[in-house]
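Okay, data.txt is below, compact mmCIF, C-alpha atoms:
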```
# COMPACT_ATOMS: atom_id res chain seq x y z
CA MET A 1 5.41 60.66 -4.46
CA ASP A 2 3.78 57.34 -5.40
CA HIS A 3 0.68 56.36 -3.50
CA GLN A 4 0.14 52.64 -2.97
CA PRO A 5 -3.47 51.38 -2.90
CA VAL A 6 -4.71 50.90 0.63
CA GLU A 7 -5.68 47.29 1.41
CA PRO A 8 -8.78 46.84 3.57
CA SER A 9 -7.91 46.12 7.17
CA LEU A 10 -8.64 42.58 8.25
CA SER A 11 -10.19 44.10 11.35
CA THR A 12 -12.76 45.84 9.14
CA ARG A 13 -15.98 43.87 9.21
CA LEU A 14 -17.68 42.84 6.02
CA SER A 15 -21.12 44.19 5.22
CA PRO A 16 -23.91 41.97 6.56
CA GLY A 17 -25.06 39.23 4.21
CA LEU A 18 -24.24 35.81 2.81
CA TYR A 19 -20.87 35.15 1.15
CA ILE A 20 -20.55 31.98 -0.94
CA VAL A 21 -16.86 31.02 -0.78
CA ALA A 22 -15.19 28.40 -2.99
CA THR A 23 -12.50 26.33 -1.26
CA PRO A 24 -9.77 24.00 -2.64
CA ILE A 25 -10.74 20.60 -4.06
CA GLY A 26 -7.41 19.09 -3.00
CA ASN A 27 -4.37 21.30 -3.21
CA LEU A 28 -4.66 23.83 -0.39
CA GLY A 29 -3.00 26.44 -2.59
CA ASP A 30 -6.04 26.57 -4.85
CA ILE A 31 -7.89 29.28 -2.96
CA THR A 32 -8.18 32.91 -4.00
CA LEU A 33 -6.82 35.85 -2.05
CA ARG A 34 -10.34 37.24 -1.93
CA ALA A 35 -11.64 34.02 -0.39
CA ILE A 36 -8.99 34.09 2.34
CA GLU A 37 -9.74 37.75 3.08
CA THR A 38 -13.47 37.01 3.27
CA LEU A 39 -12.97 34.10 5.67
CA LYS A 40 -10.77 36.32 7.85
CA ARG A 41 -13.23 39.21 7.92
CA CYS A 42 -16.57 37.38 8.19
CA ASP A 43 -18.38 36.89 11.50
CA VAL A 44 -19.28 33.21 11.17
CA ILE A 45 -18.63 30.34 8.76
CA ALA A 46 -21.35 27.85 7.76
CA CYS A 47 -19.78 24.55 6.66
CA GLU A 48 -20.56 20.90 5.99
CA ASP A 49 -18.00 19.48 8.41
CA THR A 50 -16.29 21.63 11.03
CA ARG A 51 -13.31 19.25 11.11
CA VAL A 52 -12.64 19.60 7.37
CA THR A 53 -13.13 23.37 7.33
CA GLY A 54 -11.13 23.65 10.56
CA LYS A 55 -8.06 22.20 8.82
CA LEU A 56 -8.35 24.78 6.01
CA LEU A 57 -8.75 27.64 8.49
CA LYS A 58 -5.77 26.46 10.54
CA HIS A 59 -3.63 26.24 7.38
CA HIS A 60 -4.33 29.91 6.69
CA GLY A 61 -4.14 31.06 10.30
CA ILE A 62 -7.86 31.84 10.56
CA SER A 63 -9.98 31.45 13.69
CA LYS A 64 -13.73 31.94 13.31
CA PRO A 65 -16.93 30.53 14.83
CA MET A 66 -18.28 27.71 12.67
CA ARG A 67 -21.86 26.50 12.23
CA ARG A 68 -22.53 23.10 10.76
CA TYR A 69 -24.82 23.31 7.73
CA ASP A 70 -25.35 20.27 5.49
CA ASP A 71 -28.12 18.26 3.81
CA HIS A 72 -29.38 17.15 7.22
CA ALA A 73 -29.52 20.63 8.73
CA SER A 74 -32.88 21.56 10.24
CA ASP A 75 -35.08 24.46 9.25
CA ALA A 76 -34.20 25.98 12.61
CA ALA A 77 -30.48 25.88 11.76
CA ARG A 78 -31.15 27.66 8.47
CA GLU A 79 -33.34 30.26 10.15
CA LYS A 80 -30.59 30.94 12.71
CA LEU A 81 -28.09 31.61 9.92
CA LEU A 82 -30.58 33.85 8.13
CA ALA A 83 -31.03 35.83 11.32
CA GLU A 84 -27.27 36.19 11.74
CA MET A 85 -27.00 37.62 8.21
CA GLN A 86 -29.15 40.58 9.21
CA SER A 87 -26.37 42.06 11.33
CA GLY A 88 -23.29 40.06 10.37
CA ALA A 89 -21.41 38.42 7.50
CA VAL A 90 -21.97 34.69 7.09
CA ALA A 91 -19.53 32.79 4.83
CA LEU A 92 -20.87 29.56 3.31
CA VAL A 93 -18.30 26.90 2.35
CA SER A 94 -18.46 23.23 1.39
CA ASP A 95 -15.92 20.55 2.24
CA ALA A 96 -14.30 21.10 -1.17
CA GLY A 97 -14.90 23.28 -4.21
CA THR A 98 -17.75 25.63 -4.97
CA PRO A 99 -20.74 25.44 -2.60
CA LEU A 100 -24.11 24.39 -4.04
CA ILE A 101 -22.52 22.24 -6.82
CA SER A 102 -23.85 18.88 -5.58
CA ASP A 103 -23.49 20.34 -2.09
CA PRO A 104 -26.06 21.71 0.35
CA GLY A 105 -26.86 25.37 0.35
CA TYR A 106 -29.36 26.32 -2.33
CA ARG A 107 -32.21 26.61 0.20
CA LEU A 108 -30.11 28.97 2.27
CA VAL A 109 -29.34 31.13 -0.76
CA ARG A 110 -32.97 31.04 -1.91
CA ASP A 111 -34.30 32.08 1.49
CA ALA A 112 -31.63 34.78 1.86
CA ARG A 113 -32.57 36.31 -1.48
CA GLU A 114 -36.28 36.14 -0.65
CA ALA A 115 -35.54 37.98 2.61
CA GLY A 116 -33.74 40.73 0.70
CA THR A 117 -30.35 39.77 2.18
CA GLU A 118 -27.28 40.68 0.16
CA VAL A 119 -25.74 37.55 -1.42
CA THR A 120 -22.19 37.55 -2.82
CA SER A 121 -20.60 34.61 -4.63
CA LEU A 122 -16.80 34.31 -4.87
CA PRO A 123 -15.54 32.21 -7.82
CA GLY A 124 -12.97 29.49 -7.30
CA ALA A 125 -12.19 25.79 -7.60
CA CYS A 126 -14.80 23.40 -9.02
CA ALA A 127 -14.06 19.71 -9.62
CA ALA A 128 -16.58 19.42 -12.48
CA VAL A 129 -14.93 22.22 -14.48
CA THR A 130 -11.41 21.04 -13.66
CA GLY A 131 -12.25 17.52 -14.82
CA LEU A 132 -13.88 18.82 -17.98
CA THR A 133 -10.86 20.87 -18.99
CA LEU A 134 -8.51 17.98 -18.25
CA SER A 135 -10.49 15.31 -20.11
CA GLY A 136 -10.02 16.50 -23.69
CA LEU A 137 -13.72 15.91 -24.36
CA PRO A 138 -15.77 18.57 -26.20
CA ASN A 139 -16.50 21.42 -23.80
CA ASP A 140 -18.46 23.91 -25.91
CA ARG A 141 -21.62 22.37 -24.41
CA PHE A 142 -21.79 20.31 -21.24
CA LEU A 143 -24.39 19.16 -18.74
CA PHE A 144 -23.55 18.67 -15.09
CA ALA A 145 -25.72 15.85 -13.78
CA GLY A 146 -24.40 15.42 -10.24
CA PHE A 147 -24.32 11.92 -8.77
CA LEU A 148 -26.01 9.00 -10.55
CA PRO A 149 -28.63 7.09 -8.54
CA VAL A 150 -27.36 4.22 -6.40
CA LYS A 151 -29.96 1.63 -7.44
CA GLU A 152 -29.36 -0.18 -10.71
CA LYS A 153 -32.72 0.51 -12.40
CA ALA A 154 -32.78 4.17 -11.38
CA ARG A 155 -29.21 4.57 -12.66
CA ALA A 156 -30.11 2.97 -15.99
CA ASP A 157 -33.21 5.17 -16.31
CA ALA A 158 -31.18 8.30 -15.61
CA LEU A 159 -28.60 7.42 -18.28
CA ALA A 160 -31.33 6.59 -20.80
CA GLU A 161 -32.88 10.00 -20.18
CA LEU A 162 -29.54 11.72 -20.79
CA ALA A 163 -28.45 9.61 -23.77
CA ALA A 164 -29.79 11.88 -26.53
CA ILE A 165 -28.40 15.14 -25.12
CA ASP A 166 -25.89 16.61 -27.56
CA ALA A 167 -23.33 17.64 -24.94
CA THR A 168 -20.59 16.21 -22.75
CA LEU A 169 -22.13 14.77 -19.58
CA VAL A 170 -20.38 15.44 -16.27
CA PHE A 171 -21.02 13.35 -13.15
CA TYR A 172 -19.55 13.06 -9.68
CA GLU A 173 -18.86 9.53 -8.52
CA THR A 174 -17.29 7.56 -5.68
CA GLY A 175 -14.65 4.86 -5.91
CA PRO A 176 -16.86 1.96 -4.71
CA ARG A 177 -19.58 2.80 -7.28
CA LEU A 178 -17.34 3.68 -10.25
CA VAL A 179 -17.27 0.27 -11.98
CA LYS A 180 -21.06 -0.16 -11.68
CA SER A 181 -21.58 3.25 -13.26
CA LEU A 182 -19.15 2.47 -16.08
CA ARG A 183 -20.92 -0.85 -16.78
CA ALA A 184 -24.25 0.96 -16.88
CA MET A 185 -22.78 3.47 -19.33
CA ALA A 186 -21.57 0.65 -21.56
CA GLU A 187 -25.19 -0.49 -21.79
CA ALA A 188 -26.92 2.88 -22.13
CA LEU A 189 -24.23 4.91 -23.91
CA PRO A 190 -22.29 2.50 -26.17
CA ASP A 191 -19.44 3.75 -28.35
CA ARG A 192 -19.09 6.97 -26.36
CA ASP A 193 -15.78 8.47 -25.23
CA VAL A 194 -15.48 8.41 -21.45
CA ALA A 195 -13.00 9.99 -19.05
CA VAL A 196 -12.36 9.24 -15.39
CA ALA A 197 -10.69 12.16 -13.59
CA ARG A 198 -9.74 11.48 -10.00
CA GLU A 199 -7.71 12.97 -7.16
CA LEU A 200 -7.77 16.29 -9.00
CA THR A 201 -5.06 18.79 -7.96
CA LYS A 202 -3.58 16.21 -5.58
CA LEU A 203 -0.30 14.28 -5.73
CA HIS A 204 -1.81 11.23 -7.46
CA GLU A 205 -4.02 13.11 -9.95
CA GLU A 206 -5.17 10.89 -12.82
CA CYS A 207 -7.28 11.31 -15.94
CA ARG A 208 -7.86 8.11 -17.89
CA THR A 209 -9.89 7.98 -21.11
CA GLY A 210 -11.38 5.14 -23.15
CA SER A 211 -14.56 3.18 -23.69
CA PRO A 212 -16.83 2.44 -20.72
CA ASP A 213 -16.02 -1.29 -20.89
CA ASP A 214 -12.25 -0.77 -21.07
CA LEU A 215 -12.32 1.63 -18.16
CA ALA A 216 -14.54 -0.71 -16.13
CA GLU A 217 -12.05 -3.56 -16.64
CA HIS A 218 -9.17 -1.31 -15.62
CA TYR A 219 -10.83 -0.17 -12.40
CA GLU A 220 -12.02 -3.66 -11.56
CA ALA A 221 -8.37 -4.70 -11.54
CA LYS A 222 -7.20 -1.49 -9.87
CA PRO A 223 -10.02 -0.11 -7.68
CA ALA A 224 -10.18 3.68 -7.69
CA LYS A 225 -9.89 5.78 -4.57
CA GLY A 226 -10.62 9.40 -3.88
CA GLU A 227 -13.04 11.91 -5.37
CA ILE A 228 -14.00 11.21 -9.00
CA VAL A 229 -15.37 13.21 -11.92
CA LEU A 230 -16.86 10.91 -14.55
CA LEU A 231 -17.35 12.41 -18.01
CA VAL A 232 -19.07 11.09 -21.14
CA GLY A 233 -18.58 12.63 -24.57
CA PRO A 234 -21.57 13.67 -26.71
CA PRO A 235 -23.25 11.25 -29.14
CA LEU A 236 -21.12 10.49 -32.16
CA GLU A 237 -22.22 12.20 -35.37
CA VAL A 238 -23.46 9.76 -37.97
CA ALA A 239 -21.91 10.54 -41.31
CA ALA A 240 -24.54 11.10 -43.97
CA SER A 241 -24.36 8.92 -47.07
CA SER A 242 -24.49 10.44 -50.53
CA GLU A 243 -27.94 8.90 -50.96
CA ASN A 244 -29.23 10.58 -47.81
CA ALA A 245 -27.75 13.91 -48.87
CA GLU A 246 -29.35 13.57 -52.31
CA GLN A 247 -32.75 13.00 -50.77
CA LEU A 248 -32.29 15.94 -48.42
CA LEU A 249 -31.35 18.15 -51.37
CA VAL A 250 -34.41 17.09 -53.35
CA GLU A 251 -36.67 17.93 -50.41
CA ALA A 252 -34.93 21.25 -49.73
CA LEU A 253 -35.15 22.34 -53.39
CA GLU A 254 -38.94 22.20 -53.20
CA THR A 255 -38.92 25.45 -51.22
CA LEU A 256 -35.37 26.84 -51.38
CA LYS A 257 -32.92 28.16 -53.95
CA PRO A 258 -29.98 25.82 -54.80
CA SER A 259 -27.54 27.87 -52.72
CA GLN A 260 -29.88 27.86 -49.72
CA ALA A 261 -30.62 24.15 -50.10
CA ALA A 262 -26.90 23.35 -50.28
CA ALA A 263 -26.18 25.42 -47.17
CA GLN A 264 -29.02 23.73 -45.25
CA VAL A 265 -27.93 20.19 -46.17
CA ALA A 266 -24.27 20.99 -45.48
CA LYS A 267 -25.17 22.16 -41.98
CA ALA A 268 -27.27 19.06 -41.34
CA THR A 269 -24.75 16.53 -42.67
CA GLY A 270 -21.34 18.14 -42.40
CA MET A 271 -20.75 17.55 -46.11
CA ASP A 272 -18.99 20.02 -48.42
CA ARG A 273 -21.32 22.92 -49.29
CA LYS A 274 -19.72 23.65 -52.68
CA LYS A 275 -20.14 20.05 -53.85
CA LEU A 276 -23.71 20.03 -52.60
CA TYR A 277 -24.38 23.27 -54.49
CA VAL A 278 -23.08 21.76 -57.76
CA ARG A 279 -25.36 18.74 -57.24
CA ALA A 280 -28.30 21.02 -56.32
CA MET A 281 -27.86 22.92 -59.60
CA GLU A 282 -27.86 19.62 -61.51
CA LEU A 283 -31.03 18.50 -59.77
CA LYS A 284 -32.66 21.87 -60.41
CA ALA A 285 -31.81 21.64 -64.12
CA LYS A 286 -33.62 18.32 -64.33
```

For this file, write the structure as structure tokens.
Amino acid sequence: MDHQPVEPSLSTRLSPGLYIVATPIGNLGDITLRAIETLKRCDVIACEDTRVTGKLLKHHGISKPMRRYDDHASDAAREKLLAEMQSGAVALVSDAGTPLISDPGYRLVRDAREAGTEVTSLPGACAAVTGLTLSGLPNDRFLFAGFLPVKEKARADALAELAAIDATLVFYETGPRLVKSLRAMAEALPDRDVAVARELTKLHEECRTGSPDDLAEHYEAKPAKGEIVLLVGPPLEVAASSENAEQLLVEALETLKPSQAAAQVAKATGMDRKKLYVRAMELKAK
């Protein structure tokens, strides 16, 4: 006789602690079974906006007490949640996506860990990662930089600080500020590939790529709405000239064997290692 695995009863309470629960970023279907089960079995839900979270709970037939917890929450509100975790399960959600990613919550997690409270994080939707995978930009290395500053000089300073980082840059942005940010990128990050991913997972999802100036002109004519992920490709590699490679080989041969010098210069310039080795042998012979 086959024995089916026994699913935990929804009436079974979760162990006391903090549960970080990722919620959909648009499409309500983008929530894990584990997240739904956790929201059903927890004792209280800490959320940014009870109206937004209330719609999600109603969609999944869940009724739970909710506590508002956002950037403006008081220390007393955080302490109350920490106290509730001692005997009950508190689920932390944001309005959309994974909590703590440009959302409030890190202080709550930090204080919970310092108090020895069990903290569990459930993986799920994240707009930054969804936008990155959709953009077609290099994703072996990326830096999430949150929202750019609102003021023009602070925004320019932030972009200048990030300009030399050899990775795709990922930002969150709003429709009204998108064109200003693109214009600032045209100044600070010229000749970089840029992608604007908006309304992710929703009916009017869009991912448009191009130069910062071209994208700024497009969105000036057609103002963007909705939540936006703004991505900037890494600095373009400057192709090394044969003269530069020659000089690098000469310098490398002062301390390295021809094969080692060729390998080092090939890695630095992207040029063919075999050709560099032949030239290194010629230089060594001289």

Between CA of Glu199 in chain A and CA of Val129 in chain A - distance in Å to one decimal: 13.8 Å

Radius query 12 Å about (-2.6, 29.4, 8.6), atoms used: only C-alpha atoms, as a VMD selection string: chain A and resid 28 to 29 36 39 to 40 54 to 63

Please report, as JSON lines, each residue of range 207-230 of chain A lying at most 12 Å from range 133-138 of chain A, together with the nearest pair of atoms and the separation in Å rounded to one decimal; use only C-alpha atoms, and order rows by chain and ascending residue number.
```
{"residue": "A:Cys207", "atom": "CA", "partner": "A:Ser135", "partner_atom": "CA", "distance": 6.6}
{"residue": "A:Arg208", "atom": "CA", "partner": "A:Ser135", "partner_atom": "CA", "distance": 8.0}
{"residue": "A:Thr209", "atom": "CA", "partner": "A:Ser135", "partner_atom": "CA", "distance": 7.4}
{"residue": "A:Gly210", "atom": "CA", "partner": "A:Ser135", "partner_atom": "CA", "distance": 10.7}
{"residue": "A:Val229", "atom": "CA", "partner": "A:Ser135", "partner_atom": "CA", "distance": 9.8}
{"residue": "A:Leu230", "atom": "CA", "partner": "A:Ser135", "partner_atom": "CA", "distance": 9.5}
```

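Look at Glu152 in chain A: the protein and nucleic acid residues within 12 Å of it, using only C-alpha atoms and passing over chain neighbours fewer than 2 places away, are Leu148, Pro149, Val150, Ala154, Arg155, Ala156, Asp157, Ala158, Leu159, Arg177, Lys180, Ser181, Leu182, Arg183, Ala184, Met185 and Glu187 of chain A.
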
Using all atoms listed in the file, which protein or nucleic acid residues come within 9 Å of Cys42 in chain A? Drop anything in the same chain fewer than 6 positions from it, and give the result as a PyMOL selection string. chain A and resi 13-16+19+64+88-91

Next, the residues of the selection above should be written as a compact mmCIF listing (two decimals), in the coordinates of the input with C-alpha atoms.
```txt
# COMPACT_ATOMS: atom_id res chain seq x y z
CA ARG A 13 -15.98 43.87 9.21
CA LEU A 14 -17.68 42.84 6.02
CA SER A 15 -21.12 44.19 5.22
CA PRO A 16 -23.91 41.97 6.56
CA TYR A 19 -20.87 35.15 1.15
CA LYS A 64 -13.73 31.94 13.31
CA GLY A 88 -23.29 40.06 10.37
CA ALA A 89 -21.41 38.42 7.50
CA VAL A 90 -21.97 34.69 7.09
CA ALA A 91 -19.53 32.79 4.83
```

Please determine, counting only C-alpha atoms, which residue among A:Leu215, A:Leu256, A:Ala224, A:Val196 has the shortest atom-to-atom distance to Gly175 in chain A. A:Ala224

Reconstructed all heavy atoms for range 14-25 of chain A, given as a PDB file, in the coordinates of the input:
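The result, written out as part_12.pdb:
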```
ATOM      1  N   LEU A  14     -16.981  42.848   7.298  1.00  0.00           N
ATOM      2  CA  LEU A  14     -17.680  42.840   6.020  1.00  0.00           C
ATOM      3  C   LEU A  14     -19.106  43.331   6.221  1.00  0.00           C
ATOM      4  O   LEU A  14     -19.657  43.262   7.326  1.00  0.00           O
ATOM      5  CB  LEU A  14     -17.724  41.407   5.463  1.00  0.00           C
ATOM      6  CG  LEU A  14     -16.397  40.797   5.023  1.00  0.00           C
ATOM      7  CD1 LEU A  14     -16.591  39.311   4.747  1.00  0.00           C
ATOM      8  CD2 LEU A  14     -15.866  41.482   3.781  1.00  0.00           C
ATOM      9  N   SER A  15     -19.716  43.789   5.157  1.00  0.00           N
ATOM     10  CA  SER A  15     -21.120  44.190   5.220  1.00  0.00           C
ATOM     11  C   SER A  15     -21.968  42.954   5.525  1.00  0.00           C
ATOM     12  O   SER A  15     -21.644  41.841   5.102  1.00  0.00           O
ATOM     13  CB  SER A  15     -21.555  44.799   3.893  1.00  0.00           C
ATOM     14  OG  SER A  15     -20.791  45.940   3.592  1.00  0.00           O
ATOM     15  N   PRO A  16     -23.050  43.114   6.259  1.00  0.00           N
ATOM     16  CA  PRO A  16     -23.910  41.970   6.560  1.00  0.00           C
ATOM     17  C   PRO A  16     -24.401  41.280   5.291  1.00  0.00           C
ATOM     18  O   PRO A  16     -24.619  41.925   4.264  1.00  0.00           O
ATOM     19  CB  PRO A  16     -25.077  42.606   7.328  1.00  0.00           C
ATOM     20  CG  PRO A  16     -24.502  43.845   7.926  1.00  0.00           C
ATOM     21  CD  PRO A  16     -23.525  44.356   6.895  1.00  0.00           C
ATOM     22  N   GLY A  17     -24.566  39.971   5.352  1.00  0.00           N
ATOM     23  CA  GLY A  17     -25.060  39.230   4.210  1.00  0.00           C
ATOM     24  C   GLY A  17     -24.479  37.835   4.153  1.00  0.00           C
ATOM     25  O   GLY A  17     -23.815  37.374   5.097  1.00  0.00           O
ATOM     26  N   LEU A  18     -24.718  37.168   3.035  1.00  0.00           N
ATOM     27  CA  LEU A  18     -24.240  35.810   2.810  1.00  0.00           C
ATOM     28  C   LEU A  18     -23.140  35.844   1.751  1.00  0.00           C
ATOM     29  O   LEU A  18     -23.319  36.412   0.668  1.00  0.00           O
ATOM     30  CB  LEU A  18     -25.395  34.912   2.341  1.00  0.00           C
ATOM     31  CG  LEU A  18     -25.026  33.478   1.943  1.00  0.00           C
ATOM     32  CD1 LEU A  18     -24.439  32.719   3.134  1.00  0.00           C
ATOM     33  CD2 LEU A  18     -26.253  32.745   1.395  1.00  0.00           C
ATOM     34  N   TYR A  19     -22.015  35.207   2.060  1.00  0.00           N
ATOM     35  CA  TYR A  19     -20.870  35.150   1.150  1.00  0.00           C
ATOM     36  C   TYR A  19     -20.596  33.688   0.800  1.00  0.00           C
ATOM     37  O   TYR A  19     -20.258  32.889   1.673  1.00  0.00           O
ATOM     38  CB  TYR A  19     -19.635  35.792   1.793  1.00  0.00           C
ATOM     39  CG  TYR A  19     -19.796  37.275   2.048  1.00  0.00           C
ATOM     40  CD1 TYR A  19     -20.519  37.735   3.155  1.00  0.00           C
ATOM     41  CD2 TYR A  19     -19.251  38.211   1.186  1.00  0.00           C
ATOM     42  CE1 TYR A  19     -20.692  39.097   3.390  1.00  0.00           C
ATOM     43  CE2 TYR A  19     -19.405  39.578   1.417  1.00  0.00           C
ATOM     44  CZ  TYR A  19     -20.133  40.013   2.515  1.00  0.00           C
ATOM     45  OH  TYR A  19     -20.291  41.352   2.729  1.00  0.00           O
ATOM     46  N   ILE A  20     -20.775  33.344  -0.480  1.00  0.00           N
ATOM     47  CA  ILE A  20     -20.550  31.980  -0.940  1.00  0.00           C
ATOM     48  C   ILE A  20     -19.079  31.872  -1.348  1.00  0.00           C
ATOM     49  O   ILE A  20     -18.635  32.528  -2.301  1.00  0.00           O
ATOM     50  CB  ILE A  20     -21.462  31.638  -2.135  1.00  0.00           C
ATOM     51  CG1 ILE A  20     -22.926  31.870  -1.746  1.00  0.00           C
ATOM     52  CG2 ILE A  20     -21.254  30.204  -2.591  1.00  0.00           C
ATOM     53  CD1 ILE A  20     -23.878  31.887  -2.931  1.00  0.00           C
ATOM     54  N   VAL A  21     -18.311  31.049  -0.620  1.00  0.00           N
ATOM     55  CA  VAL A  21     -16.860  31.020  -0.780  1.00  0.00           C
ATOM     56  C   VAL A  21     -16.401  29.645  -1.285  1.00  0.00           C
ATOM     57  O   VAL A  21     -16.612  28.628  -0.620  1.00  0.00           O
ATOM     58  CB  VAL A  21     -16.155  31.345   0.552  1.00  0.00           C
ATOM     59  CG1 VAL A  21     -14.645  31.360   0.364  1.00  0.00           C
ATOM     60  CG2 VAL A  21     -16.636  32.697   1.089  1.00  0.00           C
ATOM     61  N   ALA A  22     -15.757  29.636  -2.458  1.00  0.00           N
ATOM     62  CA  ALA A  22     -15.190  28.400  -2.990  1.00  0.00           C
ATOM     63  C   ALA A  22     -13.886  28.068  -2.283  1.00  0.00           C
ATOM     64  O   ALA A  22     -13.056  28.949  -2.037  1.00  0.00           O
ATOM     65  CB  ALA A  22     -14.946  28.542  -4.497  1.00  0.00           C
ATOM     66  N   THR A  23     -13.710  26.788  -1.947  1.00  0.00           N
ATOM     67  CA  THR A  23     -12.500  26.330  -1.260  1.00  0.00           C
ATOM     68  C   THR A  23     -11.771  25.299  -2.127  1.00  0.00           C
ATOM     69  O   THR A  23     -12.329  24.814  -3.113  1.00  0.00           O
ATOM     70  CB  THR A  23     -12.862  25.711   0.102  1.00  0.00           C
ATOM     71  OG1 THR A  23     -13.793  24.627  -0.095  1.00  0.00           O
ATOM     72  CG2 THR A  23     -13.488  26.749   1.020  1.00  0.00           C
ATOM     73  N   PRO A  24     -10.531  24.942  -1.804  1.00  0.00           N
ATOM     74  CA  PRO A  24      -9.770  24.000  -2.640  1.00  0.00           C
ATOM     75  C   PRO A  24     -10.457  22.639  -2.755  1.00  0.00           C
ATOM     76  O   PRO A  24     -11.165  22.202  -1.839  1.00  0.00           O
ATOM     77  CB  PRO A  24      -8.441  23.875  -1.891  1.00  0.00           C
ATOM     78  CG  PRO A  24      -8.309  25.149  -1.117  1.00  0.00           C
ATOM     79  CD  PRO A  24      -9.711  25.486  -0.693  1.00  0.00           C
ATOM     80  N   ILE A  25     -10.221  21.960  -3.877  1.00  0.00           N
ATOM     81  CA  ILE A  25     -10.740  20.600  -4.060  1.00  0.00           C
ATOM     82  C   ILE A  25      -9.675  19.558  -3.707  1.00  0.00           C
ATOM     83  O   ILE A  25      -9.943  18.361  -3.756  1.00  0.00           O
ATOM     84  CB  ILE A  25     -11.242  20.367  -5.500  1.00  0.00           C
ATOM     85  CG1 ILE A  25     -10.122  20.601  -6.522  1.00  0.00           C
ATOM     86  CG2 ILE A  25     -12.436  21.255  -5.796  1.00  0.00           C
ATOM     87  CD1 ILE A  25     -10.532  20.286  -7.952  1.00  0.00           C
TER      88      ILE A  25
END
```
